[in-house]
Each structure stands twice: as structure tokens, then as C-alpha cells.
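Right, one structure below, let's go through it.
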Amino acid sequence: MARLCVNIDHVATLRQARRGTEPDPVWAAVQAELGGADGITFHLREDRRHMQDRDIERLREVVQGPLNFELAAVDSIIDFACRIRPAMAMLVPERREEVTTEGGLDVAGQVARLRNVVAKFADHAIRASAFIDAEARQIDAARACGFSVCEIHTGPYAIAHNTHHRLDHPDVARELDRIASGGRLILDAGMQFNAGHGLNYRNVGPIAALPGVTELHIGHSIISRAVFDGLREAVREMKRLIGEASS
Ligand code: PXP
């Protein structure tokens with residue numbers, strides 16, 4: 001069964017709407033763990049629009065399971081991540097105007113730079129993951145850089161499903177096939193196959209059922225469900241669906 005890593009940025013987004021102290025993303029991480037989360041994921045953006053440095057220092061003290069630190073390849077944030085020593089550093093592209101991460105990282109376009117970043121993380125015993133589109137050239141480049149994990153961007157699959165509202169629509173099936181092929185290439189290259197972005201209670205099943213998928217990183221839908229059901233219950237229900245799909 002794929003592990004579920006819960007992204008808590010969305011709790012910090014709500015807090016930052018008032019620039020106050022609640023809701024606390026660290027408390028959300030504790031609740032997510034009590035609901036069965038296998039890991040906690042967060043993104044420290046250069047513009048600090050949601051998570052703040054202090055949140056991450058507190059997460060380091062409180063969270064029991066693995067921490068996954070999402071970041072752009074920016075020196076000051078790389079240095080901070082090396083100090084925090086998460087289990088995994090997840091490299092993503094970042095643009096200030098975007099509402100959320102759009103598209104995968106262009107690993108192929110910056111192999112020399114990313115090779116150094118991955119080596120720096122390795123010196124600090126941090127595994128490096130590349131968030132990429134399901135494209136062979138990006139997967140080859142990730143291997144060339146020394147990444148041990150690739151997370152396939154499931155956004156296009158989620159958008160196709162939101163558009164057609166059916167998992168058996170040909171557009172959805174095409175995007176799922178693309179992710180499945182990417183996953184096979186990642187595994188053949190000896191890397192760990194993760195997936196995430198835009199996954200929710202209605203579309204997670206076919207992704208959780210893909211052979212060899214190790215981790216799913218899910219935030220928005222779980223935090224949204226938590227508004228009505230509470231975070232522990234929202235995590236439990238997502239774990240149940242992942243388990244059902246993989247059995
Ligand atoms: N994986 C990556 C690399 C992301 O950037 C995000 C969003 O921060 C997620 C997973 C989770 O996406 P969502 O919030 O849509 O579940």
C-alpha cells in the first residue's frame with residue numbers, strides 16, 4: 001500500500017490570511033499523524049506566503065515520522081533545509097505569480113546545477129526527490145543528477161478528472177497511462193516512484209493502484225475535508241481509500 005504524506009501548507013495559508021497564530025500547521029501535523037499519516041510534507045516558499053521558518057523548526061521538534069521539505073533550488077532555502085535535516089528534500093519549480101505549483105521541474109534544463117544540489121543534500125544524509133512531469137527525458141535527467149526519488153506531477157490527471165467527472169473518460173485514462181509509464185521508467189532507473197498534486201477522495205484510487213508507487217503527497221483535499229470532518233478523520237478516510245485501491 002502506498003504511504004500517505006499529508007501536506008499541511010494549506011493550514012498555514014489560512015493562518016496567514018489574518019497573519020495571526022491560528023490555525024497552527026504544527027498542530028495540524030500532530031493531528032495528521034494521529035489520523036495515520038505516514039509523513040508530513042510542507043513547502044517553504046521564497047515569498048513565505050504560507051509556511052514560515054519557525055513553523056519548520058517547530059515541526060522538526062514535534063513530528064514523529066518523516067518530514068518532506070518541498071523547496072525551489074534557491075541557496076538560502078537549501079541551506080535552511082540542510083540545517084533542518086528532513087528525511088527528504090523535494091525540489092519543485094516556483095514562480096511568484098502562481099497560486100500553487102504549476103508543472104514539474106525542468107531537471108533536463110539544469111542538470112549541472114541540480115547535480116550539485118543533490119550532492120549537497122546527500123552530504124547531509126537527505127534524500128532528494130524531483131517533482132517532474134511524466135516525461136522520459138526528465139526521468140533520465142533526474143537519474144543523471146543523482147536523485148533517488150521522482151514524484152510524478154498528477155495535476156494534469158486531476159484536471160482531466162475535474163473536467164469530465166469520470167475516471168473512465170479517455171482523457172483521464174490517457175493521463176493515467178502517462179503517469180503509469182513514467183512510474184515504470186522511474187522504477188527501471190532504480191529510483192523511488194512517488195506521485196502527487198491535485199489528488200482527492202474521488203481520483204486517488206487509480207493512482208494508489210499503480211504498481212510500484214511508494215508515496216502519495218496530498219494536501220488540499222485532505223485539509224478541505226478536515227474543515228467538515230476534522231483532520232484525523234480526513235486522513236483516516238484517505239488512508240482507507242488508498243488501502244482499498246491497492247488491495
Ligand atoms: N506534491 C507537490 C510537489 C506539491 O507542490 C504539492 C502542492 O504543494 C502537492 C504534492 C500537494 O498537492 P495538493 O495540495 O493539490 O494535494
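Letters A, B, ... go to the chains of the C-alpha cells in the order shown; residues in each chain start at 1; ligands are counted from 1 in the same order.
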**Q.** Expected answer as a ChimeraX atom specification: residues within 9 Å of ligand 1, only C-alpha atoms and all ligand atoms
**A.** /A:5-10,41-43,70-71,90-93,100-102,104,130-132,151-155,158,195-200,216-223
Q) If you count only C-alpha atoms, which residues fall within 6 Å of segment 21-28 of chain A, apart from same-chain ones fewer than 6 positions away, as an MDAnalysis selection string? A) chainID A and resid 11:12 15 59
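Residue nearest Arg240 of chain A, chosen from A:Ile159, A:Ala136, A:Ile56, A:Ala2 and counting only C-alpha atoms: A:Ala2.
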Determine which residues of chain A receive a DSSP assignment of strand (DSSP E), computed from the backbone, and state them as a short mmCIF file (atom, residue, chain, number, x, y, z; two decimals) with all heavy atoms, in the first residue's frame.
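After the write, result25.cif holds the following:
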```
data_model
loop_
_atom_site.label_atom_id
_atom_site.label_comp_id
_atom_site.auth_asym_id
_atom_site.auth_seq_id
_atom_site.Cartn_x
_atom_site.Cartn_y
_atom_site.Cartn_z
N ARG A 3 2.28 4.84 0.81
CA ARG A 3 2.26 5.65 2.04
C ARG A 3 1.60 6.99 1.74
O ARG A 3 1.72 7.52 0.62
CB ARG A 3 3.68 5.89 2.54
CG ARG A 3 4.40 4.61 2.97
CD ARG A 3 5.63 4.93 3.80
NE ARG A 3 6.70 5.52 3.03
CZ ARG A 3 7.74 4.87 2.53
NH1 ARG A 3 7.84 3.55 2.72
NH2 ARG A 3 8.68 5.49 1.86
N LEU A 4 0.96 7.55 2.76
CA LEU A 4 0.31 8.86 2.60
C LEU A 4 1.09 9.92 3.37
O LEU A 4 1.20 9.84 4.60
CB LEU A 4 -1.13 8.79 3.13
CG LEU A 4 -1.86 10.15 3.22
CD1 LEU A 4 -1.99 10.79 1.84
CD2 LEU A 4 -3.25 9.97 3.86
N CYS A 5 1.62 10.90 2.63
CA CYS A 5 2.28 12.05 3.27
C CYS A 5 1.33 13.23 3.12
O CYS A 5 0.91 13.57 2.00
CB CYS A 5 3.61 12.33 2.60
SG CYS A 5 4.77 10.96 2.82
N VAL A 6 0.99 13.84 4.25
CA VAL A 6 -0.01 14.91 4.25
C VAL A 6 0.69 16.26 4.18
O VAL A 6 1.57 16.57 5.01
CB VAL A 6 -0.91 14.81 5.50
CG1 VAL A 6 -1.89 15.98 5.56
CG2 VAL A 6 -1.66 13.48 5.49
N ASN A 7 0.29 17.05 3.19
CA ASN A 7 0.85 18.40 3.01
C ASN A 7 0.02 19.39 3.83
O ASN A 7 -1.19 19.51 3.64
CB ASN A 7 0.81 18.75 1.51
CG ASN A 7 1.39 20.12 1.22
OD1 ASN A 7 1.08 21.07 1.91
ND2 ASN A 7 2.23 20.21 0.21
N GLY A 39 3.80 10.49 6.77
CA GLY A 39 4.83 11.53 6.68
C GLY A 39 4.13 12.88 6.60
O GLY A 39 2.94 12.96 6.31
N ILE A 40 4.91 13.93 6.88
CA ILE A 40 4.37 15.29 6.81
C ILE A 40 5.17 16.05 5.77
O ILE A 40 6.41 16.06 5.80
CB ILE A 40 4.48 15.99 8.20
CG1 ILE A 40 3.67 15.23 9.25
CG2 ILE A 40 4.06 17.46 8.10
CD1 ILE A 40 2.16 15.20 9.03
N THR A 41 4.44 16.69 4.85
CA THR A 41 5.05 17.42 3.74
C THR A 41 4.73 18.90 3.88
O THR A 41 3.61 19.26 4.29
CB THR A 41 4.50 16.87 2.41
OG1 THR A 41 4.77 15.47 2.35
CG2 THR A 41 5.12 17.56 1.20
N PHE A 42 5.71 19.75 3.57
CA PHE A 42 5.46 21.20 3.61
C PHE A 42 6.38 21.85 2.59
O PHE A 42 7.42 21.29 2.22
CB PHE A 42 5.74 21.78 5.01
CG PHE A 42 7.12 21.45 5.49
CD1 PHE A 42 8.19 22.27 5.17
CD2 PHE A 42 7.35 20.30 6.22
CE1 PHE A 42 9.48 21.94 5.56
CE2 PHE A 42 8.64 19.97 6.61
CZ PHE A 42 9.71 20.79 6.28
N HIS A 43 5.99 23.05 2.17
CA HIS A 43 6.75 23.79 1.17
C HIS A 43 7.14 25.14 1.79
O HIS A 43 6.25 25.90 2.18
CB HIS A 43 5.85 23.99 -0.05
CG HIS A 43 6.49 24.66 -1.23
ND1 HIS A 43 5.83 24.82 -2.43
CD2 HIS A 43 7.71 25.21 -1.42
CE1 HIS A 43 6.61 25.43 -3.30
NE2 HIS A 43 7.76 25.69 -2.70
N LEU A 67 9.77 13.89 7.71
CA LEU A 67 9.42 15.23 7.21
C LEU A 67 9.90 15.32 5.77
O LEU A 67 11.03 14.93 5.45
CB LEU A 67 10.17 16.31 8.00
CG LEU A 67 9.68 16.68 9.40
CD1 LEU A 67 10.58 17.75 9.98
CD2 LEU A 67 8.23 17.16 9.36
N ASN A 68 9.03 15.85 4.91
CA ASN A 68 9.38 16.06 3.49
C ASN A 68 9.35 17.55 3.22
O ASN A 68 8.29 18.17 3.32
CB ASN A 68 8.37 15.34 2.61
CG ASN A 68 8.22 13.89 2.99
OD1 ASN A 68 9.20 13.16 3.00
ND2 ASN A 68 7.02 13.47 3.35
N PHE A 69 10.49 18.09 2.90
CA PHE A 69 10.68 19.54 2.77
C PHE A 69 10.67 19.89 1.29
O PHE A 69 11.59 19.55 0.56
CB PHE A 69 12.03 19.89 3.42
CG PHE A 69 12.30 21.36 3.65
CD1 PHE A 69 12.91 21.76 4.82
CD2 PHE A 69 11.98 22.33 2.72
CE1 PHE A 69 13.20 23.10 5.07
CE2 PHE A 69 12.26 23.67 2.95
CZ PHE A 69 12.88 24.06 4.12
N GLU A 70 9.60 20.55 0.86
CA GLU A 70 9.49 20.97 -0.55
C GLU A 70 10.15 22.34 -0.71
O GLU A 70 9.87 23.23 0.12
CB GLU A 70 8.00 21.12 -0.85
CG GLU A 70 7.53 20.47 -2.10
CD GLU A 70 6.05 20.73 -2.28
OE1 GLU A 70 5.25 19.97 -1.71
OE2 GLU A 70 5.70 21.68 -2.98
N LEU A 71 10.93 22.50 -1.75
CA LEU A 71 11.63 23.79 -1.92
C LEU A 71 12.06 23.98 -3.36
O LEU A 71 12.20 23.02 -4.11
CB LEU A 71 12.85 23.87 -1.00
CG LEU A 71 14.08 23.01 -1.36
CD1 LEU A 71 15.32 23.54 -0.66
CD2 LEU A 71 13.89 21.55 -0.98
N MET A 88 13.49 13.93 3.49
CA MET A 88 13.53 14.11 2.04
C MET A 88 13.40 15.59 1.67
O MET A 88 12.61 16.31 2.28
CB MET A 88 12.39 13.31 1.40
CG MET A 88 12.47 13.20 -0.10
SD MET A 88 11.50 11.81 -0.70
CE MET A 88 9.86 12.47 -0.55
N ALA A 89 14.19 16.00 0.70
CA ALA A 89 14.07 17.34 0.11
C ALA A 89 13.43 17.15 -1.26
O ALA A 89 13.94 16.38 -2.09
CB ALA A 89 15.43 17.98 -0.03
N MET A 90 12.32 17.83 -1.48
CA MET A 90 11.57 17.67 -2.74
C MET A 90 11.73 18.95 -3.55
O MET A 90 11.18 19.98 -3.18
CB MET A 90 10.09 17.42 -2.44
CG MET A 90 9.85 16.18 -1.59
SD MET A 90 8.26 16.23 -0.73
CE MET A 90 7.12 16.34 -2.09
N LEU A 91 12.47 18.85 -4.65
CA LEU A 91 12.73 20.05 -5.44
C LEU A 91 11.60 20.30 -6.43
O LEU A 91 11.19 19.41 -7.19
CB LEU A 91 14.06 19.91 -6.16
CG LEU A 91 15.22 20.10 -5.18
CD1 LEU A 91 16.50 19.50 -5.70
CD2 LEU A 91 15.45 21.58 -4.85
N ARG A 127 17.61 12.55 1.44
CA ARG A 127 17.28 12.02 0.11
C ARG A 127 16.69 13.15 -0.71
O ARG A 127 15.96 13.99 -0.18
CB ARG A 127 16.25 10.90 0.21
CG ARG A 127 16.68 9.76 1.08
CD ARG A 127 15.58 8.73 1.16
NE ARG A 127 15.60 7.89 -0.03
CZ ARG A 127 14.55 7.24 -0.51
NH1 ARG A 127 13.37 7.38 0.07
NH2 ARG A 127 14.65 6.48 -1.57
N ALA A 128 16.95 13.13 -2.01
CA ALA A 128 16.42 14.20 -2.87
C ALA A 128 15.39 13.63 -3.84
O ALA A 128 15.59 12.57 -4.44
CB ALA A 128 17.56 14.86 -3.64
N SER A 129 14.29 14.37 -3.96
CA SER A 129 13.20 13.97 -4.87
C SER A 129 12.98 15.09 -5.89
O SER A 129 13.02 16.27 -5.53
CB SER A 129 11.92 13.77 -4.04
OG SER A 129 10.78 13.68 -4.88
N ALA A 130 12.75 14.71 -7.13
CA ALA A 130 12.45 15.69 -8.18
C ALA A 130 10.97 15.59 -8.52
O ALA A 130 10.47 14.51 -8.83
CB ALA A 130 13.28 15.40 -9.42
N PHE A 131 10.29 16.73 -8.47
CA PHE A 131 8.87 16.78 -8.85
C PHE A 131 8.82 17.07 -10.34
O PHE A 131 9.18 18.17 -10.78
CB PHE A 131 8.19 17.90 -8.06
CG PHE A 131 6.74 18.09 -8.38
CD1 PHE A 131 5.82 17.10 -8.13
CD2 PHE A 131 6.29 19.29 -8.92
CE1 PHE A 131 4.46 17.29 -8.41
CE2 PHE A 131 4.94 19.50 -9.21
CZ PHE A 131 4.04 18.48 -8.94
N ILE A 132 8.43 16.08 -11.12
CA ILE A 132 8.55 16.21 -12.58
C ILE A 132 7.27 15.77 -13.30
O ILE A 132 6.48 14.99 -12.76
CB ILE A 132 9.73 15.35 -13.13
CG1 ILE A 132 9.60 13.91 -12.65
CG2 ILE A 132 11.07 15.95 -12.75
CD1 ILE A 132 10.59 12.97 -13.30
N VAL A 149 14.62 9.75 -5.80
CA VAL A 149 13.16 9.69 -5.85
C VAL A 149 12.67 10.64 -6.94
O VAL A 149 13.23 11.74 -7.11
CB VAL A 149 12.54 10.16 -4.51
CG1 VAL A 149 11.02 10.02 -4.52
CG2 VAL A 149 13.14 9.42 -3.31
N CYS A 150 11.62 10.24 -7.68
CA CYS A 150 10.91 11.18 -8.56
C CYS A 150 9.45 11.17 -8.16
O CYS A 150 8.85 10.10 -7.96
CB CYS A 150 10.98 10.75 -10.03
SG CYS A 150 12.58 10.98 -10.78
N GLU A 151 8.88 12.36 -8.02
CA GLU A 151 7.44 12.47 -7.79
C GLU A 151 6.80 12.93 -9.09
O GLU A 151 7.12 14.00 -9.61
CB GLU A 151 7.15 13.50 -6.68
CG GLU A 151 5.65 13.68 -6.45
CD GLU A 151 5.33 14.70 -5.34
OE1 GLU A 151 6.21 15.02 -4.54
OE2 GLU A 151 4.18 15.19 -5.32
N ILE A 152 5.94 12.09 -9.63
CA ILE A 152 5.25 12.46 -10.87
C ILE A 152 4.10 13.42 -10.53
O ILE A 152 3.30 13.17 -9.63
CB ILE A 152 4.69 11.22 -11.61
CG1 ILE A 152 5.83 10.32 -12.05
CG2 ILE A 152 3.80 11.63 -12.78
CD1 ILE A 152 6.44 10.64 -13.38
N HIS A 153 4.06 14.50 -11.31
CA HIS A 153 3.04 15.54 -11.17
C HIS A 153 1.71 14.98 -11.68
O HIS A 153 1.54 14.73 -12.87
CB HIS A 153 3.50 16.71 -12.04
CG HIS A 153 2.61 17.91 -11.98
ND1 HIS A 153 1.65 18.09 -11.03
CD2 HIS A 153 2.57 19.01 -12.77
CE1 HIS A 153 1.05 19.26 -11.24
NE2 HIS A 153 1.59 19.83 -12.29
N GLN A 192 12.85 5.73 -6.62
CA GLN A 192 11.54 5.55 -5.97
C GLN A 192 10.49 6.37 -6.72
O GLN A 192 10.75 7.51 -7.08
CB GLN A 192 11.64 6.02 -4.51
CG GLN A 192 10.34 5.90 -3.74
CD GLN A 192 10.53 6.27 -2.27
OE1 GLN A 192 11.46 5.81 -1.61
NE2 GLN A 192 9.64 7.11 -1.75
N PHE A 193 9.34 5.75 -6.91
CA PHE A 193 8.24 6.38 -7.66
C PHE A 193 7.20 6.92 -6.67
O PHE A 193 6.53 6.15 -5.99
CB PHE A 193 7.65 5.32 -8.61
CG PHE A 193 6.33 5.65 -9.24
CD1 PHE A 193 5.97 6.96 -9.56
CD2 PHE A 193 5.43 4.62 -9.56
CE1 PHE A 193 4.73 7.24 -10.16
CE2 PHE A 193 4.20 4.89 -10.15
CZ PHE A 193 3.86 6.20 -10.45
N ASN A 194 7.10 8.25 -6.60
CA ASN A 194 6.06 8.92 -5.80
C ASN A 194 5.13 9.68 -6.74
O ASN A 194 5.48 9.90 -7.92
CB ASN A 194 6.69 9.91 -4.82
CG ASN A 194 7.45 9.22 -3.69
OD1 ASN A 194 7.41 8.01 -3.56
ND2 ASN A 194 8.14 10.00 -2.89
N ALA A 195 4.00 10.13 -6.21
CA ALA A 195 3.06 10.89 -7.05
C ALA A 195 2.33 11.90 -6.18
O ALA A 195 2.16 11.69 -4.98
CB ALA A 195 2.05 9.94 -7.70
N GLY A 196 1.90 12.99 -6.78
CA GLY A 196 1.12 13.97 -6.03
C GLY A 196 0.75 15.19 -6.83
O GLY A 196 1.30 15.44 -7.91
N VAL A 213 4.09 2.34 -6.87
CA VAL A 213 4.04 3.70 -6.33
C VAL A 213 4.26 3.60 -4.81
O VAL A 213 3.64 2.79 -4.13
CB VAL A 213 2.72 4.43 -6.71
CG1 VAL A 213 1.50 3.80 -6.08
CG2 VAL A 213 2.81 5.91 -6.35
N THR A 214 5.19 4.41 -4.31
CA THR A 214 5.59 4.28 -2.91
C THR A 214 4.89 5.28 -2.00
O THR A 214 4.48 4.94 -0.91
CB THR A 214 7.13 4.44 -2.78
OG1 THR A 214 7.74 3.37 -3.46
CG2 THR A 214 7.58 4.39 -1.32
N GLU A 215 4.80 6.54 -2.45
CA GLU A 215 4.23 7.58 -1.59
C GLU A 215 3.32 8.48 -2.40
O GLU A 215 3.63 8.83 -3.53
CB GLU A 215 5.35 8.51 -1.05
CG GLU A 215 5.95 8.06 0.24
CD GLU A 215 7.14 8.92 0.64
OE1 GLU A 215 7.35 10.03 0.09
OE2 GLU A 215 7.87 8.46 1.52
N LEU A 216 2.23 8.91 -1.75
CA LEU A 216 1.37 9.93 -2.32
C LEU A 216 1.45 11.15 -1.42
O LEU A 216 1.35 11.03 -0.19
CB LEU A 216 -0.08 9.42 -2.41
CG LEU A 216 -0.27 8.14 -3.22
CD1 LEU A 216 -1.73 7.71 -3.21
CD2 LEU A 216 0.22 8.31 -4.65
N HIS A 217 1.64 12.32 -2.03
CA HIS A 217 1.71 13.58 -1.27
C HIS A 217 0.42 14.34 -1.56
O HIS A 217 0.18 14.75 -2.71
CB HIS A 217 2.95 14.38 -1.68
CG HIS A 217 4.21 13.69 -1.26
ND1 HIS A 217 4.91 14.07 -0.14
CD2 HIS A 217 4.84 12.62 -1.76
CE1 HIS A 217 5.94 13.26 0.02
NE2 HIS A 217 5.93 12.37 -0.97
N ILE A 218 -0.40 14.49 -0.53
CA ILE A 218 -1.74 15.06 -0.72
C ILE A 218 -2.00 16.13 0.34
O ILE A 218 -1.75 15.89 1.53
CB ILE A 218 -2.84 13.96 -0.65
CG1 ILE A 218 -2.50 12.80 -1.58
CG2 ILE A 218 -4.21 14.56 -0.98
CD1 ILE A 218 -3.52 11.66 -1.58
#
```
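Using only C-alpha atoms, the shortest contact distance between Pro206 of chain A and any of A:Asp177, A:Asp75, A:Glu33, A:Glu46 is found at A:Asp177.
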(Q) Which of segment 11-155 of chain A end up as helix (DSSP H, G or I) when DSSP is run on this backbone - answer as a VMD selection string? (A) chain A and resid 11 to 16 25 to 34 53 to 62 75 to 84 108 to 123 136 to 145 155
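Excluding Val111 of chain A and any residue on its chain fewer than 6 positions from it, the residues at most 10 Å away by only C-alpha atoms are Val117, Gln138, Ala141, Ala142, Arg143, Ala144, Cys145 and Gly146 of chain A.
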Q: Kindly indicate which residue among A:Ala189, A:Ala226, A:Leu14, A:Ile179 lies nearest to Pro211 of chain A, using only C-alpha atoms for the distances.
A: A:Ile179
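Reported to one decimal place, the separation of atom CA of Ser224 of chain A from atom CA of His169 of chain A is 25.4 Å.
Nearest to Arg202 of chain A of all the residues A:Ile242, A:Arg184, A:Val227, A:Arg174 is A:Ile242, based on only C-alpha atoms.
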Q: Pick out the closest residue to Arg225 of chain A from this set: A:Arg58, A:Tyr201, A:Pro66, A:Ala17. Count only C-alpha atoms.
A: A:Tyr201
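Distances to Tyr157 of chain A were evaluated for A:Ala180, A:Val172, A:Ala112, A:Val107 using only C-alpha atoms, and the minimum falls at A:Val172.
Taking atom CA of Thr163 of chain A and atom CA of Lys239 of chain A as the two end points, the separation is 24.9 Å.
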Q: Report the distance between atom CA of Glu57 of chain A and atom CA of Arg115 of chain A in Å, rounded to one decimal place.
A: 26.6 Å
